[in-house]
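Shown here: final.cif, mmCIF, C-alpha atoms.
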data_target
loop_
_atom_site.group_PDB
_atom_site.id
_atom_site.type_symbol
_atom_site.label_atom_id
_atom_site.label_comp_id
_atom_site.auth_asym_id
_atom_site.auth_seq_id
_atom_site.Cartn_x
_atom_site.Cartn_y
_atom_site.Cartn_z
ATOM 1 C CA MET A 3 22.284 -22.935 -39.451
ATOM 2 C CA GLU A 4 21.273 -20.942 -36.397
ATOM 3 C CA PRO A 5 20.096 -17.378 -36.935
ATOM 4 C CA THR A 6 22.180 -14.433 -35.727
ATOM 5 C CA LEU A 7 20.594 -11.482 -34.019
ATOM 6 C CA GLU A 8 22.346 -9.103 -36.406
ATOM 7 C CA LYS A 9 20.844 -10.710 -39.489
ATOM 8 C CA LYS A 10 17.442 -11.916 -38.361
ATOM 9 C CA PRO A 11 15.142 -10.267 -35.767
ATOM 10 C CA ILE A 12 14.097 -12.570 -32.955
ATOM 11 C CA TYR A 13 10.389 -12.195 -33.747
ATOM 12 C CA THR A 14 10.965 -13.773 -37.164
ATOM 13 C CA TRP A 15 12.663 -16.927 -35.842
ATOM 14 C CA THR A 16 10.945 -20.248 -36.396
ATOM 15 C CA LEU A 17 10.202 -22.526 -33.463
ATOM 16 C CA GLU A 18 13.137 -24.750 -34.387
ATOM 17 C CA GLU A 19 15.513 -21.798 -34.662
ATOM 18 C CA ARG A 20 14.391 -20.408 -31.292
ATOM 19 C CA VAL A 21 14.925 -23.726 -29.532
ATOM 20 C CA ALA A 22 18.338 -24.249 -31.138
ATOM 21 C CA VAL A 23 19.597 -20.777 -30.250
ATOM 22 C CA VAL A 24 18.331 -20.903 -26.660
ATOM 23 C CA LYS A 25 19.940 -24.305 -26.117
ATOM 24 C CA ARG A 26 23.273 -23.118 -27.552
ATOM 25 C CA ILE A 27 23.264 -19.921 -25.504
ATOM 26 C CA VAL A 28 22.348 -21.650 -22.251
ATOM 27 C CA ASN A 29 25.061 -24.259 -22.744
ATOM 28 C CA ASN A 30 27.635 -21.540 -23.398
ATOM 29 C CA VAL A 31 26.836 -19.367 -20.376
ATOM 30 C CA THR A 32 26.213 -22.112 -17.808
ATOM 31 C CA PRO A 33 29.576 -21.715 -15.986
ATOM 32 C CA HIS A 34 28.917 -17.991 -15.460
ATOM 33 C CA TYR A 35 25.121 -18.019 -15.297
ATOM 34 C CA ASP A 36 24.631 -17.462 -11.564
ATOM 35 C CA LEU A 37 27.335 -14.796 -11.302
ATOM 36 C CA LEU A 38 25.936 -12.839 -14.229
ATOM 37 C CA ASN A 39 22.404 -13.030 -12.842
ATOM 38 C CA ARG A 40 23.575 -11.523 -9.551
ATOM 39 C CA LEU A 41 25.666 -8.796 -11.191
ATOM 40 C CA MET A 42 23.139 -7.741 -13.796
ATOM 41 C CA SER A 43 20.207 -7.575 -11.407
ATOM 42 C CA ALA A 44 22.237 -6.151 -8.493
ATOM 43 C CA ARG A 45 21.182 -9.319 -6.635
ATOM 44 C CA ARG A 46 17.507 -8.439 -7.025
ATOM 45 C CA ASP A 47 16.979 -11.826 -8.681
ATOM 46 C CA VAL A 48 17.541 -13.399 -5.252
ATOM 47 C CA TRP A 49 14.806 -11.234 -3.710
ATOM 48 C CA TRP A 50 12.445 -11.890 -6.636
ATOM 49 C CA ARG A 51 12.738 -15.640 -6.110
ATOM 50 C CA ARG A 52 12.193 -15.283 -2.367
ATOM 51 C CA PHE A 53 9.049 -13.253 -3.004
ATOM 52 C CA THR A 54 7.843 -16.011 -5.322
ATOM 53 C CA VAL A 55 8.472 -18.653 -2.680
ATOM 54 C CA ARG A 56 6.404 -16.669 -0.163
ATOM 55 C CA LYS A 57 3.427 -17.104 -2.528
ATOM 56 C CA VAL A 58 3.846 -20.893 -2.788
ATOM 57 C CA PRO A 59 1.025 -22.722 -0.948
ATOM 58 C CA ARG A 60 2.252 -23.493 2.580
ATOM 59 C CA ASN A 61 0.661 -26.940 2.515
ATOM 60 C CA ALA A 62 2.399 -27.946 -0.733
ATOM 61 C CA THR A 63 4.302 -31.215 -0.530
ATOM 62 C CA LEU A 64 5.354 -31.693 -4.176
ATOM 63 C CA ILE A 65 6.219 -28.856 -6.563
ATOM 64 C CA LEU A 66 7.365 -28.811 -10.171
ATOM 65 C CA ASP A 67 9.953 -26.205 -11.206
ATOM 66 C CA VAL A 68 9.973 -25.822 -14.995
ATOM 67 C CA ALA A 69 13.089 -24.496 -16.786
ATOM 68 C CA THR A 70 14.835 -25.017 -13.470
ATOM 69 C CA GLY A 71 18.255 -24.014 -14.817
ATOM 70 C CA THR A 72 20.877 -24.123 -12.084
ATOM 71 C CA GLY A 73 18.241 -24.886 -9.457
ATOM 72 C CA ASP A 74 18.055 -21.564 -7.609
ATOM 73 C CA LEU A 75 14.270 -21.508 -7.283
ATOM 74 C CA ALA A 76 13.985 -25.232 -6.556
ATOM 75 C CA ILE A 77 16.526 -24.898 -3.734
ATOM 76 C CA GLU A 78 14.818 -21.800 -2.313
ATOM 77 C CA ILE A 79 11.429 -23.550 -2.323
ATOM 78 C CA THR A 80 12.706 -26.570 -0.419
ATOM 79 C CA ARG A 81 14.659 -24.490 2.076
ATOM 80 C CA SER A 82 11.716 -22.200 2.810
ATOM 81 C CA VAL A 83 8.631 -24.402 2.356
ATOM 82 C CA GLY A 84 10.066 -27.853 2.978
ATOM 83 C CA ALA A 85 8.309 -29.340 -0.035
ATOM 84 C CA GLU A 86 9.854 -31.855 -2.383
ATOM 85 C CA VAL A 87 10.691 -30.352 -5.767
ATOM 86 C CA ILE A 88 11.236 -31.849 -9.200
ATOM 87 C CA GLY A 89 13.209 -29.533 -11.467
ATOM 88 C CA VAL A 90 12.815 -29.946 -15.224
ATOM 89 C CA ASP A 91 15.016 -28.496 -17.949
ATOM 90 C CA PHE A 92 16.005 -29.368 -21.508
ATOM 91 C CA VAL A 93 19.670 -28.412 -20.985
ATOM 92 C CA GLU A 94 21.526 -31.154 -19.128
ATOM 93 C CA LYS A 95 24.573 -28.945 -18.511
ATOM 94 C CA MET A 96 22.443 -26.580 -16.440
ATOM 95 C CA MET A 97 21.024 -29.424 -14.370
ATOM 96 C CA THR A 98 24.530 -30.752 -13.691
ATOM 97 C CA VAL A 99 25.268 -27.464 -11.938
ATOM 98 C CA ALA A 100 21.876 -27.650 -10.188
ATOM 99 C CA ARG A 101 22.652 -31.127 -8.845
ATOM 100 C CA GLU A 102 26.045 -29.980 -7.558
ATOM 101 C CA LYS A 103 24.500 -26.987 -5.765
ATOM 102 C CA THR A 104 21.698 -29.118 -4.345
ATOM 103 C CA ALA A 105 24.132 -31.769 -3.094
ATOM 104 C CA SER A 106 26.356 -29.122 -1.463
ATOM 105 C CA GLN A 107 23.353 -28.014 0.616
ATOM 106 C CA GLY A 108 22.343 -31.549 1.557
ATOM 107 C CA LEU A 109 19.037 -31.350 -0.292
ATOM 108 C CA MET A 110 19.325 -34.220 -2.783
ATOM 109 C CA GLY A 111 16.800 -36.167 -0.733
ATOM 110 C CA LYS A 112 14.218 -33.438 -1.340
ATOM 111 C CA ILE A 113 15.044 -32.211 -4.858
ATOM 112 C CA SER A 114 15.455 -34.235 -8.039
ATOM 113 C CA TYR A 115 16.086 -33.155 -11.613
ATOM 114 C CA ALA A 116 14.792 -34.575 -14.875
ATOM 115 C CA ALA A 117 15.154 -33.793 -18.567
ATOM 116 C CA GLY A 118 11.927 -32.489 -20.030
ATOM 117 C CA ASP A 119 10.253 -30.167 -22.505
ATOM 118 C CA ALA A 120 8.026 -27.456 -21.031
ATOM 119 C CA ASN A 121 5.592 -27.915 -23.917
ATOM 120 C CA CYS A 122 5.166 -31.625 -23.215
ATOM 121 C CA LEU A 123 5.861 -32.299 -19.554
ATOM 122 C CA PRO A 124 6.672 -35.946 -18.742
ATOM 123 C CA PHE A 125 4.284 -36.210 -15.787
ATOM 124 C CA ARG A 126 0.736 -37.400 -15.240
ATOM 125 C CA SER A 127 -2.071 -34.920 -14.732
ATOM 126 C CA GLN A 128 -2.880 -33.462 -11.294
ATOM 127 C CA LEU A 129 0.367 -34.694 -9.700
ATOM 128 C CA PHE A 130 1.785 -31.483 -8.191
ATOM 129 C CA ASP A 131 0.564 -28.943 -5.654
ATOM 130 C CA ALA A 132 2.134 -26.107 -7.644
ATOM 131 C CA ALA A 133 4.229 -25.484 -10.740
ATOM 132 C CA THR A 134 6.727 -22.636 -11.053
ATOM 133 C CA ILE A 135 8.929 -21.147 -13.739
ATOM 134 C CA ALA A 136 11.433 -18.328 -13.188
ATOM 135 C CA PHE A 137 12.955 -16.336 -16.048
ATOM 136 C CA GLY A 138 12.285 -19.126 -18.496
ATOM 137 C CA ILE A 139 8.908 -18.638 -20.112
ATOM 138 C CA ARG A 140 10.092 -15.902 -22.471
ATOM 139 C CA ASN A 141 12.509 -18.468 -23.960
ATOM 140 C CA ILE A 142 9.691 -20.883 -24.793
ATOM 141 C CA PRO A 143 8.400 -20.397 -28.361
ATOM 142 C CA ASN A 144 4.804 -21.172 -27.358
ATOM 143 C CA PRO A 145 4.204 -19.904 -23.795
ATOM 144 C CA GLN A 146 0.503 -20.722 -23.987
ATOM 145 C CA THR A 147 1.258 -24.419 -24.470
ATOM 146 C CA ALA A 148 3.729 -24.354 -21.579
ATOM 147 C CA LEU A 149 1.182 -22.707 -19.277
ATOM 148 C CA ARG A 150 -1.452 -25.245 -20.294
ATOM 149 C CA GLU A 151 0.961 -28.084 -19.535
ATOM 150 C CA MET A 152 1.844 -26.598 -16.151
ATOM 151 C CA ALA A 153 -1.857 -26.285 -15.325
ATOM 152 C CA ARG A 154 -2.461 -29.877 -16.446
ATOM 153 C CA VAL A 155 0.037 -31.383 -14.009
ATOM 154 C CA VAL A 156 -1.185 -29.322 -11.014
ATOM 155 C CA LYS A 157 -3.988 -30.507 -8.741
ATOM 156 C CA PRO A 158 -7.259 -28.544 -8.547
ATOM 157 C CA GLY A 159 -6.727 -25.696 -6.109
ATOM 158 C CA GLY A 160 -2.996 -25.643 -6.784
ATOM 159 C CA LYS A 161 -1.043 -22.757 -8.268
ATOM 160 C CA VAL A 162 0.790 -22.024 -11.502
ATOM 161 C CA MET A 163 3.422 -19.323 -10.940
ATOM 162 C CA VAL A 164 5.498 -17.394 -13.495
ATOM 163 C CA LEU A 165 8.334 -15.033 -12.550
ATOM 164 C CA GLU A 166 9.603 -13.035 -15.527
ATOM 165 C CA MET A 167 11.342 -9.790 -16.450
ATOM 166 C CA THR A 168 9.483 -7.173 -18.455
ATOM 167 C CA PHE A 169 9.495 -3.460 -19.178
ATOM 168 C CA PRO A 170 8.214 -1.102 -16.450
ATOM 169 C CA ARG A 171 5.129 1.004 -17.153
ATOM 170 C CA ASN A 172 6.894 4.245 -16.174
ATOM 171 C CA MET A 173 8.245 5.621 -19.465
ATOM 172 C CA ARG A 174 11.377 7.252 -18.011
ATOM 173 C CA LEU A 175 12.329 4.088 -16.180
ATOM 174 C CA ARG A 176 11.482 2.053 -19.279
ATOM 175 C CA LYS A 177 13.848 4.128 -21.435
ATOM 176 C CA PHE A 178 16.657 3.752 -18.898
ATOM 177 C CA PHE A 179 16.073 0.007 -18.593
ATOM 178 C CA GLN A 180 16.048 -0.341 -22.381
ATOM 179 C CA TRP A 181 19.347 1.562 -22.603
ATOM 180 C CA TYR A 182 20.827 -0.598 -19.829
ATOM 181 C CA LEU A 183 19.746 -3.838 -21.486
ATOM 182 C CA ASN A 184 20.990 -2.885 -24.942
ATOM 183 C CA ASN A 185 24.256 -1.183 -23.981
ATOM 184 C CA ILE A 186 25.523 -2.474 -20.640
ATOM 185 C CA ILE A 187 24.321 -6.079 -20.501
ATOM 186 C CA PRO A 188 26.081 -7.231 -23.713
ATOM 187 C CA ILE A 189 29.383 -5.659 -22.600
ATOM 188 C CA VAL A 190 29.307 -7.223 -19.134
ATOM 189 C CA GLY A 191 28.122 -10.541 -20.539
ATOM 190 C CA LYS A 192 30.884 -10.672 -23.127
ATOM 191 C CA PHE A 193 33.558 -9.699 -20.583
ATOM 192 C CA ILE A 194 32.590 -12.460 -18.144
ATOM 193 C CA SER A 195 31.256 -15.230 -20.365
ATOM 194 C CA GLY A 196 32.954 -14.452 -23.674
ATOM 195 C CA ASP A 197 29.582 -14.826 -25.437
ATOM 196 C CA ALA A 198 28.312 -11.423 -26.554
ATOM 197 C CA GLY A 199 25.497 -13.014 -28.567
ATOM 198 C CA ALA A 200 23.982 -14.571 -25.455
ATOM 199 C CA TYR A 201 23.624 -11.185 -23.834
ATOM 200 C CA ARG A 202 22.307 -9.530 -26.953
ATOM 201 C CA TYR A 203 19.627 -12.215 -26.941
ATOM 202 C CA LEU A 204 18.634 -11.303 -23.356
ATOM 203 C CA PRO A 205 17.379 -7.760 -24.098
ATOM 204 C CA ASP A 206 15.761 -8.924 -27.332
ATOM 205 C CA SER A 207 13.916 -11.723 -25.547
ATOM 206 C CA ILE A 208 12.576 -9.309 -22.920
ATOM 207 C CA GLN A 209 11.568 -6.664 -25.459
ATOM 208 C CA ASN A 210 9.738 -9.222 -27.593
ATOM 209 C CA PHE A 211 7.933 -10.983 -24.754
ATOM 210 C CA LEU A 212 4.338 -10.459 -23.702
ATOM 211 C CA HIS A 213 3.267 -7.347 -21.812
ATOM 212 C CA PRO A 214 2.257 -8.218 -18.211
ATOM 213 C CA ASP A 215 -1.412 -7.612 -19.058
ATOM 214 C CA GLU A 216 -1.119 -9.987 -22.016
ATOM 215 C CA LEU A 217 0.394 -12.650 -19.782
ATOM 216 C CA THR A 218 -2.478 -12.167 -17.334
ATOM 217 C CA ASP A 219 -4.911 -12.752 -20.208
ATOM 218 C CA LEU A 220 -2.980 -15.863 -21.226
ATOM 219 C CA PHE A 221 -3.444 -17.322 -17.748
ATOM 220 C CA GLY A 222 -7.178 -16.962 -18.209
ATOM 221 C CA GLN A 223 -7.088 -18.443 -21.701
ATOM 222 C CA VAL A 224 -5.597 -21.704 -20.387
ATOM 223 C CA GLY A 225 -8.318 -21.949 -17.732
ATOM 224 C CA LEU A 226 -6.549 -20.593 -14.647
ATOM 225 C CA VAL A 227 -8.637 -18.571 -12.202
ATOM 226 C CA SER A 228 -8.006 -15.990 -9.459
ATOM 227 C CA VAL A 229 -5.116 -14.666 -11.545
ATOM 228 C CA LYS A 230 -2.893 -12.093 -9.845
ATOM 229 C CA ALA A 231 0.087 -10.102 -11.106
ATOM 230 C CA TYR A 232 2.631 -8.634 -8.685
ATOM 231 C CA PRO A 233 4.996 -5.928 -10.017
ATOM 232 C CA LEU A 234 8.449 -6.197 -8.432
ATOM 233 C CA THR A 235 11.197 -3.560 -8.287
ATOM 234 C CA LEU A 236 9.210 -0.811 -10.008
ATOM 235 C CA GLY A 237 7.790 -3.280 -12.491
ATOM 236 C CA LEU A 238 11.105 -4.550 -13.877
ATOM 237 C CA THR A 239 9.887 -8.047 -13.038
ATOM 238 C CA TYR A 240 6.421 -9.520 -12.504
ATOM 239 C CA LEU A 241 5.172 -12.545 -10.643
ATOM 240 C CA HIS A 242 1.982 -13.953 -12.153
ATOM 241 C CA GLU A 243 0.002 -16.634 -10.352
ATOM 242 C CA GLY A 244 -3.198 -18.458 -11.143
ATOM 243 C CA THR A 245 -5.180 -21.251 -9.521
ATOM 244 C CA VAL A 246 -6.197 -24.490 -11.196
ATOM 245 C CA PRO A 247 -10.001 -24.798 -10.885
#

Write out the structure in this file as structure tokens.
Amino acid sequence: MEPTLEKKPIYTWTLEERVAVVKRIVNNVTPHYDLLNRLMSARRDVWWRRFTVRKVPRNATLILDVATGTGDLAIEITRSVGAEVIGVDFVEKMMTVAREKTASQGLMGKISYAAGDANCLPFRSQLFDAATIAFGIRNIPNPQTALREMARVVKPGGKVMVLEMTFPRNMRLRKFFQWYLNNIIPIVGKFISGDAGAYRYLPDSIQNFLHPDELTDLFGQVGLVSVKAYPLTLGLTYLHEGTVP
């Protein structure tokens, strides 16, 4: 039986429980996922992705987007850089929406989607010019393994890029953000999606994820070099990037 947030803190979940809960939540919120992202971030999520795309190597021709979800980052990469993108996710319902969005923009010739596990990517080594993941790594039980896999499939000189929400360093802003996450997000999420649990999981997943400095260290631990961390919107979100040696 899946754990409930009321009865079992997220940091005590087993790997199997974490995967099961994330899959259930993502399936439940898929029809409202994009709308809720825009509302809850005041459309800053759009700007965060565009910033990420500006850091993608301009000469990239093939990019992997891990935990691609509904395809927002994959679509933005192709539109802005022109590269081909393969989006990978373990929730087929999400990728169905991604395919529909991609087709509506006439990009199916440049973007494809495949089922896959971030901890065991179904691609040969050194295939891609870059690998990205946006707002997905905190849902992966073992982020170090996922980063190592992303680095494995990227060519030497290519980039691994992680866009993720976190808590700002400013304590006043951090307290407000914590209040917003724990009090406003679940109400809005329940009203629109009908799944209050999904949007109780969101603040818990952010609060229990790595500090930006810890994620920087993790990049180094998997062998990435020239690691940079860009705070976005007062540090509510960070883009981390590292180069495959």

Quiz item: Quick one: residues within 9 Å of range 134-148 of chain A, all atoms listed in the file counted, chain neighbours fewer than 2 positions away excluded, as a PyMOL selection string?
Solution: chain A and resi 16-18+20-21+24+51+54+58+65-71+75-76+119-123+132+150-153+161-167+207-208+210-212+220-221+223-224+241

Quiz item: Which of these residues is nearest to Arg40 in chain A, using all atoms listed in the file: A:Gly191, A:Gly222, A:Gly196, A:Pro11?
Solution: A:Gly191

Self-check item: Top pick for closest residue to Asp47 in chain A, considering A:Leu226, A:Asp74, A:Thr218, A:Thr32 and counting only C-alpha atoms
Solution: A:Asp74

Exercise. Could you list the residues chosen by the PyMOL selection byres ((chain A and resi 92-96) around 9) in this structure as a VMD selection string?
Key: chain A and resid 25 28 to 29 32 to 33 69 to 73 90 to 91 97 to 101 116 to 120

May I have the selected residues written with C-alpha atoms, as a PDB file, in the coordinates of the input?
ATOM      1  CA  LYS A  25      19.940 -24.305 -26.117  1.00  0.00           C
ATOM      2  CA  VAL A  28      22.348 -21.650 -22.251  1.00  0.00           C
ATOM      3  CA  ASN A  29      25.061 -24.259 -22.744  1.00  0.00           C
ATOM      4  CA  THR A  32      26.213 -22.112 -17.808  1.00  0.00           C
ATOM      5  CA  PRO A  33      29.576 -21.715 -15.986  1.00  0.00           C
ATOM      6  CA  ALA A  69      13.089 -24.496 -16.786  1.00  0.00           C
ATOM      7  CA  THR A  70      14.835 -25.017 -13.470  1.00  0.00           C
ATOM      8  CA  GLY A  71      18.255 -24.014 -14.817  1.00  0.00           C
ATOM      9  CA  THR A  72      20.877 -24.123 -12.084  1.00  0.00           C
ATOM     10  CA  GLY A  73      18.241 -24.886  -9.457  1.00  0.00           C
ATOM     11  CA  VAL A  90      12.815 -29.946 -15.224  1.00  0.00           C
ATOM     12  CA  ASP A  91      15.016 -28.496 -17.949  1.00  0.00           C
ATOM     13  CA  MET A  97      21.024 -29.424 -14.370  1.00  0.00           C
ATOM     14  CA  THR A  98      24.530 -30.752 -13.691  1.00  0.00           C
ATOM     15  CA  VAL A  99      25.268 -27.464 -11.938  1.00  0.00           C
ATOM     16  CA  ALA A 100      21.876 -27.650 -10.188  1.00  0.00           C
ATOM     17  CA  ARG A 101      22.652 -31.127  -8.845  1.00  0.00           C
ATOM     18  CA  ALA A 116      14.792 -34.575 -14.875  1.00  0.00           C
ATOM     19  CA  ALA A 117      15.154 -33.793 -18.567  1.00  0.00           C
ATOM     20  CA  GLY A 118      11.927 -32.489 -20.030  1.00  0.00           C
ATOM     21  CA  ASP A 119      10.253 -30.167 -22.505  1.00  0.00           C
ATOM     22  CA  ALA A 120       8.026 -27.456 -21.031  1.00  0.00           C
TER      23      ALA A 120
END

Quiz item: In Å, with one decimal, what is the gap from CA of Val156 in chain A to CA of Phe53 in chain A?
Solution: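 CA of Phe53 in chain A lies 20.7 Å from CA of Val156 in chain A.
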
What residues have an atom no more than 12 Å from (22.6, -4.4, -21.1) in the file's own frame, counting all atoms listed in the file, and can you write them as a PDB file with C-alpha atoms, in the coordinates of the input?
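Saved file point29.pdb follows:
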ATOM      1  CA  LEU A  38      25.936 -12.839 -14.229  1.00  0.00           C
ATOM      2  CA  ASN A  39      22.404 -13.030 -12.842  1.00  0.00           C
ATOM      3  CA  LEU A  41      25.666  -8.796 -11.191  1.00  0.00           C
ATOM      4  CA  MET A  42      23.139  -7.741 -13.796  1.00  0.00           C
ATOM      5  CA  SER A  43      20.207  -7.575 -11.407  1.00  0.00           C
ATOM      6  CA  PHE A 178      16.657   3.752 -18.898  1.00  0.00           C
ATOM      7  CA  PHE A 179      16.073   0.007 -18.593  1.00  0.00           C
ATOM      8  CA  GLN A 180      16.048  -0.341 -22.381  1.00  0.00           C
ATOM      9  CA  TRP A 181      19.347   1.562 -22.603  1.00  0.00           C
ATOM     10  CA  TYR A 182      20.827  -0.598 -19.829  1.00  0.00           C
ATOM     11  CA  LEU A 183      19.746  -3.838 -21.486  1.00  0.00           C
ATOM     12  CA  ASN A 184      20.990  -2.885 -24.942  1.00  0.00           C
ATOM     13  CA  ASN A 185      24.256  -1.183 -23.981  1.00  0.00           C
ATOM     14  CA  ILE A 186      25.523  -2.474 -20.640  1.00  0.00           C
ATOM     15  CA  ILE A 187      24.321  -6.079 -20.501  1.00  0.00           C
ATOM     16  CA  PRO A 188      26.081  -7.231 -23.713  1.00  0.00           C
ATOM     17  CA  ILE A 189      29.383  -5.659 -22.600  1.00  0.00           C
ATOM     18  CA  VAL A 190      29.307  -7.223 -19.134  1.00  0.00           C
ATOM     19  CA  GLY A 191      28.122 -10.541 -20.539  1.00  0.00           C
ATOM     20  CA  LYS A 192      30.884 -10.672 -23.127  1.00  0.00           C
ATOM     21  CA  ALA A 198      28.312 -11.423 -26.554  1.00  0.00           C
ATOM     22  CA  GLY A 199      25.497 -13.014 -28.567  1.00  0.00           C
ATOM     23  CA  ALA A 200      23.982 -14.571 -25.455  1.00  0.00           C
ATOM     24  CA  TYR A 201      23.624 -11.185 -23.834  1.00  0.00           C
ATOM     25  CA  ARG A 202      22.307  -9.530 -26.953  1.00  0.00           C
ATOM     26  CA  TYR A 203      19.627 -12.215 -26.941  1.00  0.00           C
ATOM     27  CA  LEU A 204      18.634 -11.303 -23.356  1.00  0.00           C
ATOM     28  CA  PRO A 205      17.379  -7.760 -24.098  1.00  0.00           C
ATOM     29  CA  ASP A 206      15.761  -8.924 -27.332  1.00  0.00           C
ATOM     30  CA  ILE A 208      12.576  -9.309 -22.920  1.00  0.00           C
TER      31      ILE A 208
END

Quiz prompt | All residues 9 Å or closer to range 170-176 of chain A, all atoms listed in the file, same chain fewer than 6 positions away omitted, as a ChimeraX atom specification | solution = /A:233,236-239

Exercise. One decimal, Å: what's the distance from CA of Ser127 in chain A over to CA of Lys57 in chain A, could you say?
Key: 22.3 Å

Quiz prompt | Distance of CA of Glu78 in chain A from CA of Arg56 in chain A, expressed in Å to one decimal place | solution =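 Interatomic distance here is 10.1 Å.
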
Quiz item: Can you find the residues with an atom no farther than 12 Å from (19.8, -32.1, -1.0), counting all atoms listed in the file, and report them as a list in words?
Solution: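 Using all atoms listed in the file, the matching residues come out as Gly73, Ala76, Ile77, Glu78, Thr80, Arg81, Gly84, Ala85, Glu86, Val87, Ile88, Ala100, Arg101, Glu102, Lys103, Thr104, Ala105, Ser106, Gln107, Gly108, Leu109, Met110, Gly111, Lys112, Ile113, Ser114 and Tyr115 of chain A.
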
Same residues, C-alpha atoms, output as a short mmCIF file (atom, residue, chain, number, x, y, z; two decimals), in the coordinates of the input:
data_model
loop_
_atom_site.label_atom_id
_atom_site.label_comp_id
_atom_site.auth_asym_id
_atom_site.auth_seq_id
_atom_site.Cartn_x
_atom_site.Cartn_y
_atom_site.Cartn_z
CA GLY A 73 18.24 -24.89 -9.46
CA ALA A 76 13.98 -25.23 -6.56
CA ILE A 77 16.53 -24.90 -3.73
CA GLU A 78 14.82 -21.80 -2.31
CA THR A 80 12.71 -26.57 -0.42
CA ARG A 81 14.66 -24.49 2.08
CA GLY A 84 10.07 -27.85 2.98
CA ALA A 85 8.31 -29.34 -0.04
CA GLU A 86 9.85 -31.86 -2.38
CA VAL A 87 10.69 -30.35 -5.77
CA ILE A 88 11.24 -31.85 -9.20
CA ALA A 100 21.88 -27.65 -10.19
CA ARG A 101 22.65 -31.13 -8.85
CA GLU A 102 26.04 -29.98 -7.56
CA LYS A 103 24.50 -26.99 -5.76
CA THR A 104 21.70 -29.12 -4.34
CA ALA A 105 24.13 -31.77 -3.09
CA SER A 106 26.36 -29.12 -1.46
CA GLN A 107 23.35 -28.01 0.62
CA GLY A 108 22.34 -31.55 1.56
CA LEU A 109 19.04 -31.35 -0.29
CA MET A 110 19.32 -34.22 -2.78
CA GLY A 111 16.80 -36.17 -0.73
CA LYS A 112 14.22 -33.44 -1.34
CA ILE A 113 15.04 -32.21 -4.86
CA SER A 114 15.46 -34.24 -8.04
CA TYR A 115 16.09 -33.16 -11.61
#

Residues near Arg126 in chain A, cut-off 9 Å, all atoms listed in the file, skip fewer than 3 positions along chain, as a CSV table (one decimal) with C-alpha atoms, in the frame of the given file:
chain,number,residue,atom,x,y,z
A,123,LEU,CA,5.9,-32.3,-19.6
A,129,LEU,CA,0.4,-34.7,-9.7
A,154,ARG,CA,-2.5,-29.9,-16.4
A,155,VAL,CA,0.0,-31.4,-14.0
